[in-house]
file start_27.cif (mmCIF, C-alpha atoms)
data_data
loop_
_atom_site.label_atom_id
_atom_site.label_comp_id
_atom_site.auth_asym_id
_atom_site.auth_seq_id
_atom_site.Cartn_x
_atom_site.Cartn_y
_atom_site.Cartn_z
CA MET S 1 -21.44 13.04 25.36
CA ASN S 2 -21.44 11.18 22.00
CA VAL S 3 -25.18 10.63 21.57
CA ILE S 4 -27.01 12.87 19.10
CA TYR S 5 -30.19 14.52 20.32
CA PRO S 6 -32.69 14.70 17.42
CA LEU S 7 -34.11 18.05 18.56
CA ALA S 8 -30.64 19.59 18.28
CA VAL S 9 -30.34 18.70 14.57
CA PRO S 10 -31.56 21.40 12.14
CA LYS S 11 -34.80 20.50 10.39
CA GLY S 12 -34.28 18.81 7.03
CA ARG S 13 -30.67 17.87 7.75
CA ARG S 14 -29.87 14.15 7.58
CA LEU S 15 -26.88 12.90 9.53
CA CYS S 16 -25.31 9.72 8.14
CA CYS S 17 -22.86 7.19 9.51
CA GLU S 18 -19.32 7.69 8.25
CA VAL S 19 -18.90 3.95 7.61
CA CYS S 20 -22.24 2.67 6.30
CA GLU S 21 -24.29 5.84 5.62
CA ALA S 22 -27.14 4.64 7.84
CA PRO S 23 -28.93 7.27 9.99
CA ALA S 24 -26.48 8.49 12.62
CA GLU S 25 -27.04 8.26 16.36
CA ARG S 26 -23.59 9.25 17.63
CA VAL S 27 -21.05 11.98 16.96
CA CYS S 28 -17.30 12.09 17.53
CA ALA S 29 -16.83 14.19 20.66
CA ALA S 30 -13.36 15.30 19.56
CA CYS S 31 -14.19 16.87 16.19
CA THR S 32 -18.05 17.05 16.43
CA VAL S 33 -18.31 16.82 12.62
CA THR S 34 -18.20 13.04 12.11
CA TYR S 35 -21.24 10.83 12.72
CA TYR S 36 -21.91 7.13 13.27
CA CYS S 37 -24.81 4.72 13.48
CA GLY S 38 -23.44 3.17 16.65
CA VAL S 39 -20.46 2.32 18.80
CA VAL S 40 -19.22 -0.51 16.54
CA HIS S 41 -18.71 1.66 13.46
CA GLN S 42 -17.37 4.54 15.55
CA LYS S 43 -14.68 2.29 16.99
CA ALA S 44 -13.91 0.74 13.59
CA ASP S 45 -13.42 4.16 12.01
CA TRP S 46 -11.36 5.43 14.95
CA ASP S 47 -9.03 2.43 14.90
CA SER S 48 -8.65 2.55 11.12
CA ILE S 49 -8.12 6.22 10.26
CA HIS S 50 -10.20 8.70 12.26
CA GLU S 51 -7.74 9.01 15.16
CA LYS S 52 -5.10 10.15 12.65
CA ILE S 53 -7.25 12.76 10.86
CA CYS S 54 -9.85 13.77 13.45
CA GLN S 55 -8.85 17.42 13.85
CA LEU S 56 -8.06 17.84 10.14
CA LEU S 57 -11.73 17.23 9.31
CA ILE S 58 -13.06 20.23 11.24
CA PRO S 59 -12.31 22.97 8.66
CA LEU S 60 -13.52 20.70 5.84
CA ARG S 61 -16.90 20.04 7.43
CA THR S 62 -17.74 23.42 8.91
CA SER S 63 -18.88 26.58 7.18
CA MET S 64 -16.17 28.77 5.71
CA PRO S 65 -15.48 31.92 7.73
CA PHE S 66 -16.38 35.37 6.44
CA TYR S 67 -13.62 36.89 4.33
CA ASN S 68 -13.09 40.60 3.82
CA SER S 69 -11.97 40.26 0.21
CA GLU S 70 -12.22 37.95 -2.78
CA GLU S 71 -8.48 37.40 -2.58
CA GLU S 72 -8.79 36.09 0.98
CA ARG S 73 -11.72 33.87 -0.01
CA GLN S 74 -9.74 32.33 -2.89
CA HIS S 75 -6.80 31.76 -0.58
CA GLY S 76 -9.12 30.02 1.89
CA LEU S 77 -10.51 27.79 -0.87
CA GLN S 78 -7.01 26.86 -2.01
CA GLN S 79 -6.07 25.88 1.53
CA LEU S 80 -9.13 23.64 1.77
CA GLN S 81 -8.28 22.00 -1.55
CA GLN S 82 -4.70 21.37 -0.41
CA ARG S 83 -5.99 19.83 2.80
CA GLN S 84 -8.33 17.57 0.81
CA LYS S 85 -5.50 16.50 -1.52
CA TYR S 86 -3.32 15.66 1.46
CA LEU S 87 -6.10 13.63 3.09
CA ILE S 88 -6.82 11.79 -0.17
CA GLU S 89 -3.24 10.55 -0.39
CA PHE S 90 -2.83 9.96 3.33
CA CYS S 91 -6.01 7.87 3.65
CA TYR S 92 -5.12 6.00 0.45
CA THR S 93 -1.65 5.10 1.77
CA VAL S 94 -3.03 4.00 5.14
CA ALA S 95 -5.65 1.79 3.46
CA GLN S 96 -3.00 0.30 1.14
CA LYS S 97 -0.77 -0.51 4.08
CA TYR S 98 -3.61 -2.31 5.85
CA LEU S 99 -4.29 -4.35 2.72
CA PHE S 100 -0.67 -5.41 2.30
CA GLU S 101 -0.66 -6.40 5.98
CA GLY S 102 -3.82 -8.48 5.47
CA LYS S 103 -5.95 -6.19 7.67
CA HIS S 104 -8.85 -5.94 5.24
CA GLU S 105 -11.47 -4.84 7.76
CA ASP S 106 -9.29 -1.96 8.93
CA ALA S 107 -8.69 -0.86 5.33
CA VAL S 108 -12.37 -0.18 4.59
CA PRO S 109 -12.91 3.05 6.62
CA ALA S 110 -9.65 4.56 5.37
CA ALA S 111 -10.54 3.70 1.75
CA LEU S 112 -14.03 5.18 2.20
CA HIS S 113 -12.50 8.43 3.44
CA SER S 114 -10.20 8.56 0.41
CA LEU S 115 -13.21 8.01 -1.87
CA ARG S 116 -15.30 10.75 -0.24
CA PHE S 117 -12.52 13.30 -0.40
CA ARG S 118 -11.99 12.44 -4.07
CA VAL S 119 -15.70 12.92 -4.80
CA ASN S 120 -15.70 16.29 -3.02
CA LEU S 121 -12.64 17.48 -4.95
CA HIS S 122 -13.13 15.91 -8.40
CA GLY S 123 -16.84 15.04 -8.73
CA LEU S 124 -18.70 11.74 -9.08
CA SER S 125 -17.56 10.83 -12.60
CA SER S 126 -13.84 11.61 -12.36
CA VAL S 127 -11.23 8.96 -13.08
CA GLU S 128 -9.55 10.13 -9.86
CA LEU S 129 -12.12 8.02 -7.99
CA VAL S 130 -10.80 4.78 -9.50
CA PRO S 131 -7.91 4.15 -7.05
CA ALA S 132 -10.32 4.37 -4.10
CA TYR S 133 -12.80 1.99 -5.79
CA LEU S 134 -9.95 -0.47 -6.28
CA LEU S 135 -8.94 -0.27 -2.62
CA LEU S 136 -12.50 -1.04 -1.58
CA ALA S 137 -12.68 -3.90 -4.09
CA GLU S 138 -9.46 -5.45 -2.76
CA ALA S 139 -10.65 -5.08 0.83
CA SER S 140 -13.94 -6.76 -0.12
CA LEU S 141 -12.08 -9.63 -1.77
CA GLY S 142 -9.99 -10.08 1.35
CA LEU S 143 -13.17 -10.28 3.41
CA GLY S 144 -14.67 -12.87 1.04
CA ARG S 145 -17.32 -10.45 -0.28
CA ILE S 146 -16.90 -11.22 -3.98
CA ILE S 147 -20.18 -9.66 -5.14
CA GLN S 148 -19.38 -6.40 -3.39
CA ALA S 149 -15.86 -6.47 -4.87
CA GLU S 150 -17.35 -6.93 -8.34
CA GLU S 151 -19.57 -3.89 -7.85
CA TYR S 152 -16.62 -1.68 -6.94
CA LEU S 153 -14.55 -3.05 -9.83
CA PHE S 154 -17.28 -2.60 -12.40
CA GLN S 155 -17.78 0.97 -11.17
CA ALA S 156 -14.04 1.55 -11.59
CA GLN S 157 -14.06 -0.08 -15.02
CA TRP S 158 -17.01 2.00 -16.20
CA THR S 159 -15.33 5.19 -14.97
CA VAL S 160 -12.15 4.32 -16.87
CA LEU S 161 -14.08 3.52 -20.06
CA LYS S 162 -15.77 6.92 -19.93
CA SER S 163 -12.49 8.74 -19.34
CA THR S 164 -10.37 10.18 -22.13
CA ASP S 165 -7.31 10.89 -19.98
CA CYS S 166 -6.82 7.78 -17.86
CA SER S 167 -3.14 7.15 -17.08
CA ASN S 168 -1.27 3.92 -17.73
CA ALA S 169 -0.72 3.61 -13.98
CA THR S 170 -4.48 3.63 -13.35
CA HIS S 171 -5.07 1.09 -16.14
CA SER S 172 -2.45 -1.10 -14.49
CA LEU S 173 -4.14 -0.93 -11.08
CA LEU S 174 -7.53 -1.71 -12.61
CA HIS S 175 -6.28 -4.81 -14.44
CA ARG S 176 -4.37 -5.99 -11.36
CA ASN S 177 -7.49 -5.88 -9.23
CA LEU S 178 -9.57 -7.54 -11.95
CA GLY S 179 -6.90 -10.24 -12.01
CA LEU S 180 -7.24 -10.69 -8.25
CA LEU S 181 -11.01 -10.92 -8.62
CA TYR S 182 -10.77 -13.74 -11.16
CA ILE S 183 -8.15 -15.51 -9.05
CA ALA S 184 -10.66 -15.49 -6.20
CA LYS S 185 -13.25 -16.92 -8.60
CA LYS S 186 -10.76 -19.60 -9.79
CA ASN S 187 -11.05 -18.32 -13.36
CA TYR S 188 -7.32 -18.44 -14.02
CA GLU S 189 -7.53 -17.84 -17.77
CA GLU S 190 -9.31 -14.51 -17.28
CA ALA S 191 -6.99 -13.69 -14.39
CA ARG S 192 -3.91 -14.24 -16.59
CA TYR S 193 -5.38 -11.96 -19.24
CA HIS S 194 -5.84 -9.08 -16.79
CA LEU S 195 -2.47 -9.56 -15.08
CA ALA S 196 -0.76 -9.54 -18.48
CA ASN S 197 -2.47 -6.21 -19.15
CA ASP S 198 -1.42 -5.02 -15.71
CA ILE S 199 2.22 -5.77 -16.54
CA TYR S 200 1.89 -4.08 -19.95
CA PHE S 201 0.42 -0.83 -18.60
CA ALA S 202 2.76 -0.77 -15.58
CA SER S 203 5.72 -1.26 -17.94
CA CYS S 204 4.49 1.65 -20.07
CA ALA S 205 4.17 3.83 -16.98
CA PHE S 206 7.26 2.81 -14.99
CA GLY S 207 9.36 0.35 -17.00
CA THR S 208 9.60 -3.44 -16.99
CA GLU S 209 12.11 -3.56 -14.10
CA ASP S 210 10.32 -1.20 -11.71
CA ILE S 211 9.06 -2.31 -8.29
CA ARG S 212 5.60 -0.99 -9.23
CA THR S 213 5.55 -3.47 -12.12
CA SER S 214 6.73 -6.37 -9.95
CA GLY S 215 3.31 -6.86 -8.33
CA GLY S 216 1.87 -8.04 -11.63
CA TYR S 217 4.69 -10.56 -12.09
CA PHE S 218 4.15 -11.75 -8.50
CA HIS S 219 0.42 -12.40 -8.86
CA LEU S 220 0.97 -14.09 -12.23
CA ALA S 221 3.59 -16.32 -10.61
CA ASN S 222 1.07 -17.27 -7.91
CA ILE S 223 -1.35 -18.45 -10.60
CA PHE S 224 1.27 -20.65 -12.24
CA TYR S 225 2.28 -21.98 -8.83
CA ASP S 226 -1.33 -22.96 -8.05
CA LEU S 227 -1.60 -24.59 -11.49
CA LYS S 228 1.57 -26.62 -10.70
CA LYS S 229 3.43 -24.95 -13.58
CA LEU S 230 6.44 -24.61 -11.31
CA ASP S 231 9.03 -23.68 -13.95
CA LEU S 232 7.02 -20.64 -15.04
CA ALA S 233 6.30 -19.68 -11.44
CA ASP S 234 9.98 -20.04 -10.54
CA THR S 235 11.04 -17.77 -13.40
CA LEU S 236 8.60 -15.05 -12.35
CA TYR S 237 9.43 -15.31 -8.64
CA THR S 238 13.10 -14.91 -9.58
CA LYS S 239 12.31 -11.84 -11.66
CA VAL S 240 10.37 -10.24 -8.80
CA SER S 241 13.24 -10.98 -6.40
CA GLU S 242 15.78 -9.48 -8.80
CA ILE S 243 13.72 -6.32 -9.25
CA TRP S 244 13.54 -5.74 -5.50
CA GLN S 245 17.21 -6.63 -5.03
CA ALA S 246 18.24 -4.12 -7.71
CA TYR S 247 16.04 -1.39 -6.24
CA LEU S 248 17.21 -1.86 -2.65
CA ASN S 249 20.86 -2.24 -3.65
CA ASN S 250 20.81 0.90 -5.80
CA HIS S 251 19.03 2.82 -3.07
CA TYR S 252 21.51 1.60 -0.50
CA GLN S 253 24.48 2.64 -2.67
CA VAL S 254 23.10 6.16 -3.19
CA LEU S 255 22.32 6.64 0.48
CA SER S 256 25.63 5.17 1.59
CA GLN S 257 27.44 7.73 -0.52
CA ALA S 258 25.31 10.51 0.95
CA HIS S 259 25.92 9.07 4.41
CA THR S 260 29.69 9.45 4.03
CA GLN S 261 29.73 12.75 2.16
CA GLN S 262 26.92 14.85 3.60
CA VAL S 263 25.56 16.16 6.85
CA ASP S 264 22.26 17.95 7.27
CA LEU S 265 21.74 21.47 8.62
CA LEU S 266 21.73 20.21 12.20
CA GLY S 267 25.06 18.44 11.74
CA LYS S 268 23.55 14.95 11.92
CA LEU S 269 24.66 12.21 9.57
CA PHE S 270 22.31 11.35 6.72
CA GLU S 271 20.25 8.30 7.73
CA ASN S 272 19.47 5.43 5.38
CA ASP S 273 15.90 4.50 4.53
CA THR S 274 14.03 2.59 1.86
CA GLY S 275 12.75 5.50 -0.20
CA LEU S 276 9.31 3.85 0.05
CA ASP S 277 6.16 4.95 1.80
CA GLU S 278 4.61 2.74 4.49
CA ALA S 279 2.30 0.98 2.02
CA GLN S 280 5.17 0.15 -0.35
CA GLU S 281 7.25 -1.18 2.54
CA ALA S 282 4.33 -3.38 3.59
CA GLU S 283 3.97 -4.59 -0.01
CA ALA S 284 7.68 -5.43 -0.18
CA ILE S 285 7.48 -7.41 3.05
CA ARG S 286 4.40 -9.33 1.89
CA ILE S 287 5.81 -10.18 -1.55
CA LEU S 288 9.28 -11.14 -0.37
CA THR S 289 8.13 -13.21 2.61
CA SER S 290 5.65 -15.03 0.36
CA ILE S 291 8.43 -15.86 -2.09
CA LEU S 292 10.66 -16.89 0.82
CA ASN S 293 8.04 -19.34 2.11
CA ILE S 294 7.85 -20.93 -1.33
CA ARG S 295 11.64 -21.01 -1.68
CA GLU S 296 12.06 -22.58 1.76
CA SER S 297 9.70 -25.40 0.82
CA THR S 298 12.20 -26.40 -1.88
CA SER S 299 15.42 -25.13 -0.27
CA ASP S 300 17.00 -28.58 -0.49
CA LYS S 301 16.82 -28.33 -4.31
CA ALA S 302 17.86 -24.69 -4.77
CA PRO S 303 19.28 -23.25 -1.53
CA GLN S 304 20.91 -20.35 -3.39
CA LYS S 305 17.49 -19.00 -4.34
CA THR S 306 16.34 -19.11 -0.73
CA ILE S 307 19.50 -17.35 0.43
CA PHE S 308 19.05 -14.73 -2.29
CA VAL S 309 15.58 -13.80 -0.96
CA LEU S 310 16.84 -13.85 2.64
CA LYS S 311 19.58 -11.37 1.71
CA ILE S 312 17.02 -9.08 0.05
CA LEU S 313 14.97 -9.12 3.25
CA VAL S 314 18.13 -8.33 5.23
CA MET S 315 18.68 -5.24 3.07
CA LEU S 316 15.01 -4.21 3.25
CA TYR S 317 14.85 -4.35 7.04
CA TYR S 318 18.28 -2.76 7.32
CA LEU S 319 17.09 0.22 5.27
CA MET S 320 13.88 0.28 7.33
CA MET S 321 16.21 0.67 10.34
CA ASN S 322 14.89 -2.56 11.87
CA SER S 323 18.23 -4.11 12.79
CA SER S 324 16.78 -6.99 14.81
CA LYS S 325 14.77 -8.32 11.83
CA ALA S 326 17.71 -7.75 9.49
CA GLN S 327 19.95 -9.78 11.79
CA GLU S 328 17.32 -12.51 12.07
CA TYR S 329 17.15 -13.01 8.30
CA GLY S 330 20.92 -12.68 8.00
CA MET S 331 21.50 -15.45 10.52
CA ARG S 332 18.98 -17.66 8.71
CA ALA S 333 20.84 -17.08 5.44
CA LEU S 334 24.20 -17.89 7.05
CA SER S 335 22.82 -21.00 8.75
CA LEU S 336 21.39 -22.30 5.46
CA ALA S 337 24.63 -21.57 3.61
CA LYS S 338 26.60 -23.59 6.17
CA GLU S 339 24.02 -26.37 6.27
CA GLN S 340 24.13 -26.75 2.49
CA GLN S 341 27.92 -26.38 2.50
CA LEU S 342 27.80 -23.61 -0.06
CA ASP S 343 30.77 -21.74 -1.45
CA VAL S 344 32.98 -20.09 1.17
CA HIS S 345 32.71 -16.75 -0.64
CA GLU S 346 28.91 -16.87 -0.25
CA GLN S 347 29.24 -17.45 3.49
CA SER S 348 31.78 -14.63 3.77
CA ALA S 349 29.44 -12.22 1.94
CA ILE S 350 26.63 -13.01 4.38
CA GLN S 351 28.98 -12.58 7.37
CA GLU S 352 30.08 -9.19 6.03
CA LEU S 353 26.43 -8.17 5.72
CA LEU S 354 25.80 -9.22 9.33
CA SER S 355 28.89 -7.32 10.47
CA LEU S 356 27.62 -4.20 8.72
CA ILE S 357 24.30 -4.44 10.57
CA SER S 358 25.84 -5.07 13.97
CA THR S 359 28.45 -2.29 13.73
CA GLU S 360 26.15 0.45 12.47
CA ASP S 361 25.01 2.83 15.17
CA ARG S 362 21.32 2.85 14.27
CA PRO S 363 18.09 2.33 16.23
CA ILE S 364 16.59 -1.14 16.60
CA THR S 365 12.81 -1.11 16.23
#
call {"tool": "encode", "arguments": {"input": "start_27.cif", "output": "structure tokens"}}
result
Amino acid sequence: MNVIYPLAVPKGRRLCCEVCEAPAERVCAACTVTYYCGVVHQKADWDSIHEKICQLLIPLRTSMPFYNSEEERQHGLQQLQQRQKYLIEFCYTVAQKYLFEGKHEDAVPAALHSLRFRVNLHGLSSVELVPAYLLLAEASLGLGRIIQAEEYLFQAQWTVLKSTDCSNATHSLLHRNLGLLYIAKKNYEEARYHLANDIYFASCAFGTEDIRTSGGYFHLANIFYDLKKLDLADTLYTKVSEIWQAYLNNHYQVLSQAHTQQVDLLGKLFENDTGLDEAQEAEAIRILTSILNIRESTSDKAPQKTIFVLKILVMLYYLMMNSSKAQEYGMRALSLAKEQQLDVHEQSAIQELLSLISTEDRPIT
């Protein structure tokens, strides 16, 4: 039974909905420590994140057991903190993945969980809350709730201003989301300012050629594209493509060497992967497919650029062990190369890539 009986709730205790903080009327029957205002928010939370973390919440939301010694109590507290840190990162990654996939509604509950765990662990004024505020702001923008997005962003901005130890990576994320806000408001001058700062801080944190910096270049390119400044947009789209190509190629070379030289403890061959978490993979797919759509609209003028992006997507899906998608993009690249009567060496390189995919004994997802 999911319905809460008021007489069963201790006097003075207020039960709030996990999603909207309204008075709760239902409880999750599986963990019995998570409450909701109704069926709609219970289902939304379950589909977004709760199914994945349901049982992990029980020790966090129940009273600590009695310990026989201070040493045991400290050990118990450390375990709870480790569990909270894990849930902070897990919920953050899940919410990020939803955002990159365009599932903004699904991202909200996961982002809220990440925020609450951060508050519990770091306090209300910590700069560690900023990444969760930014997730919620981006989700709000995706849902067309600009005022709500502004509230989250201004809260993040105020927290950063008060902090004396805010990292360059956090500054980068803040400016990127402020840039997205002003893009939504069609204030492109302000958006360019914040995206330039995003690129600066990301470059300080990771380097100018890092995939984590490429998002700033990508959003800046989108602004120039919308403003019909196609030469500037083209230059930035090319830079983003080259950054991802270099990353995936380097990763593939390292893993290929490990694949031929090493076996694990169970005697199985080392398997290739992207080296990215699920959110980063979703970001790569979104960025590269967006650039591909733009390249394909002008493929008659610069087919090599379209083929270049197609080959990057082949490598990405290959490393994600999704052979069917890798073959799909490979065939599109080969078809375009033949259609445009490109250099024979280019066609041969694509055919070799397709042969590599088809001959590898790897799962097709």
call {"tool": "closest_residue", "arguments": {"input": "start_27.cif", "among": "S:Cys16, S:Leu336, S:Ile211, S:Ile223", "to": "S:Ile243", "atoms": "all atoms listed in the file"}}
result
S:Ile211
call {"tool": "resolve_selection", "arguments": {"input": "start_27.cif", "expression": "the PyMOL selection byres ((chain S and resi 20) around 12)", "output": "PyMOL selection string"}}
result
chain S and resi 15-19+21-24+35-38+40-42+44-45+108-109+112-113
call {"tool": "write_last_selection", "arguments": {"input": "start_27.cif", "atoms": "C-alpha atoms", "output": "compact mmCIF listing (two decimals), keeping the file's coordinate frame"}}
result
# COMPACT_ATOMS: atom_id res chain seq x y z
CA LEU S 15 -26.88 12.90 9.53
CA CYS S 16 -25.31 9.72 8.14
CA CYS S 17 -22.86 7.19 9.51
CA GLU S 18 -19.32 7.69 8.25
CA VAL S 19 -18.90 3.95 7.61
CA GLU S 21 -24.29 5.84 5.62
CA ALA S 22 -27.14 4.64 7.84
CA PRO S 23 -28.93 7.27 9.99
CA ALA S 24 -26.48 8.49 12.62
CA TYR S 35 -21.24 10.83 12.72
CA TYR S 36 -21.91 7.13 13.27
CA CYS S 37 -24.81 4.72 13.48
CA GLY S 38 -23.44 3.17 16.65
CA VAL S 40 -19.22 -0.51 16.54
CA HIS S 41 -18.71 1.66 13.46
CA GLN S 42 -17.37 4.54 15.55
CA ALA S 44 -13.91 0.74 13.59
CA ASP S 45 -13.42 4.16 12.01
CA VAL S 108 -12.37 -0.18 4.59
CA PRO S 109 -12.91 3.05 6.62
CA LEU S 112 -14.03 5.18 2.20
CA HIS S 113 -12.50 8.43 3.44
call {"tool": "residues_around", "arguments": {"input": "start_27.cif", "residues": "S:Ser125", "least_positions_apart": "4", "cutoff": "12 Å", "atoms": "all atoms listed in the file", "output": "list of chain:residue names"}}
result
S:Leu115, S:Arg118, S:Val119, S:Asn120, S:Leu121, S:Leu129, S:Val130, S:Gln155, S:Ala156, S:Gln157, S:Trp158, S:Thr159, S:Val160, S:Leu161, S:Lys162, S:Ser163, S:Thr164
call {"tool": "atom_distance", "arguments": {"input": "start_27.cif", "atom1": "atom CA of S:Leu248", "atom2": "atom CA of S:Leu313"}}
result
9.6 Å
call {"tool": "resolve_selection", "arguments": {"input": "start_27.cif", "expression": "the PyMOL selection byres ((chain S and resi 220) around 8)", "output": "ChimeraX atom specification"}}
result
/S:192,195-196,216-219,221-224,233,236
call {"tool": "build_atoms", "arguments": {"input": "start_27.cif", "residues": "stretch 41-56 of chain S", "atoms": "N, CA, C and O atoms", "output": "PDB file, keeping the file's coordinate frame"}}
result
ATOM      1  N   HIS S  41     -19.299   0.964  14.603  1.00  0.00           N
ATOM      2  CA  HIS S  41     -18.710   1.660  13.460  1.00  0.00           C
ATOM      3  C   HIS S  41     -17.854   2.842  13.911  1.00  0.00           C
ATOM      4  O   HIS S  41     -16.872   3.182  13.244  1.00  0.00           O
ATOM      5  N   GLN S  42     -18.206   3.453  15.033  1.00  0.00           N
ATOM      6  CA  GLN S  42     -17.370   4.540  15.550  1.00  0.00           C
ATOM      7  C   GLN S  42     -15.985   4.012  15.933  1.00  0.00           C
ATOM      8  O   GLN S  42     -14.965   4.621  15.610  1.00  0.00           O
ATOM      9  N   LYS S  43     -15.959   2.878  16.595  1.00  0.00           N
ATOM     10  CA  LYS S  43     -14.680   2.290  16.990  1.00  0.00           C
ATOM     11  C   LYS S  43     -13.884   1.817  15.771  1.00  0.00           C
ATOM     12  O   LYS S  43     -12.663   2.002  15.698  1.00  0.00           O
ATOM     13  N   ALA S  44     -14.592   1.225  14.794  1.00  0.00           N
ATOM     14  CA  ALA S  44     -13.910   0.740  13.590  1.00  0.00           C
ATOM     15  C   ALA S  44     -13.253   1.899  12.841  1.00  0.00           C
ATOM     16  O   ALA S  44     -12.098   1.783  12.388  1.00  0.00           O
ATOM     17  N   ASP S  45     -13.961   3.006  12.713  1.00  0.00           N
ATOM     18  CA  ASP S  45     -13.420   4.160  12.010  1.00  0.00           C
ATOM     19  C   ASP S  45     -12.259   4.785  12.796  1.00  0.00           C
ATOM     20  O   ASP S  45     -11.241   5.173  12.224  1.00  0.00           O
ATOM     21  N   TRP S  46     -12.402   4.852  14.106  1.00  0.00           N
ATOM     22  CA  TRP S  46     -11.360   5.430  14.950  1.00  0.00           C
ATOM     23  C   TRP S  46     -10.069   4.613  14.851  1.00  0.00           C
ATOM     24  O   TRP S  46      -8.980   5.162  14.674  1.00  0.00           O
ATOM     25  N   ASP S  47     -10.198   3.298  14.951  1.00  0.00           N
ATOM     26  CA  ASP S  47      -9.030   2.430  14.900  1.00  0.00           C
ATOM     27  C   ASP S  47      -8.368   2.438  13.524  1.00  0.00           C
ATOM     28  O   ASP S  47      -7.140   2.303  13.405  1.00  0.00           O
ATOM     29  N   SER S  48      -9.178   2.595  12.474  1.00  0.00           N
ATOM     30  CA  SER S  48      -8.650   2.550  11.120  1.00  0.00           C
ATOM     31  C   SER S  48      -7.950   3.852  10.741  1.00  0.00           C
ATOM     32  O   SER S  48      -6.770   3.856  10.368  1.00  0.00           O
ATOM     33  N   ILE S  49      -8.652   4.980  10.833  1.00  0.00           N
ATOM     34  CA  ILE S  49      -8.120   6.220  10.260  1.00  0.00           C
ATOM     35  C   ILE S  49      -8.506   7.472  11.043  1.00  0.00           C
ATOM     36  O   ILE S  49      -7.746   8.446  11.070  1.00  0.00           O
ATOM     37  N   HIS S  50      -9.675   7.451  11.713  1.00  0.00           N
ATOM     38  CA  HIS S  50     -10.200   8.700  12.260  1.00  0.00           C
ATOM     39  C   HIS S  50      -9.281   9.315  13.316  1.00  0.00           C
ATOM     40  O   HIS S  50      -9.141  10.552  13.383  1.00  0.00           O
ATOM     41  N   GLU S  51      -8.652   8.479  14.130  1.00  0.00           N
ATOM     42  CA  GLU S  51      -7.740   9.010  15.160  1.00  0.00           C
ATOM     43  C   GLU S  51      -6.641   9.844  14.534  1.00  0.00           C
ATOM     44  O   GLU S  51      -6.184  10.839  15.116  1.00  0.00           O
ATOM     45  N   LYS S  52      -6.215   9.480  13.314  1.00  0.00           N
ATOM     46  CA  LYS S  52      -5.100  10.150  12.650  1.00  0.00           C
ATOM     47  C   LYS S  52      -5.525  11.448  11.971  1.00  0.00           C
ATOM     48  O   LYS S  52      -4.682  12.328  11.728  1.00  0.00           O
ATOM     49  N   ILE S  53      -6.821  11.587  11.641  1.00  0.00           N
ATOM     50  CA  ILE S  53      -7.250  12.760  10.860  1.00  0.00           C
ATOM     51  C   ILE S  53      -8.362  13.549  11.529  1.00  0.00           C
ATOM     52  O   ILE S  53      -8.897  14.481  10.926  1.00  0.00           O
ATOM     53  N   CYS S  54      -8.689  13.193  12.757  1.00  0.00           N
ATOM     54  CA  CYS S  54      -9.850  13.770  13.450  1.00  0.00           C
ATOM     55  C   CYS S  54      -9.892  15.296  13.359  1.00  0.00           C
ATOM     56  O   CYS S  54     -10.861  15.881  12.863  1.00  0.00           O
ATOM     57  N   GLN S  55      -8.845  15.958  13.801  1.00  0.00           N
ATOM     58  CA  GLN S  55      -8.850  17.420  13.850  1.00  0.00           C
ATOM     59  C   GLN S  55      -8.735  18.051  12.457  1.00  0.00           C
ATOM     60  O   GLN S  55      -9.164  19.192  12.253  1.00  0.00           O
ATOM     61  N   LEU S  56      -8.186  17.310  11.496  1.00  0.00           N
ATOM     62  CA  LEU S  56      -8.060  17.840  10.140  1.00  0.00           C
ATOM     63  C   LEU S  56      -9.409  17.953   9.433  1.00  0.00           C
ATOM     64  O   LEU S  56      -9.538  18.683   8.445  1.00  0.00           O
TER      65      LEU S  56
END
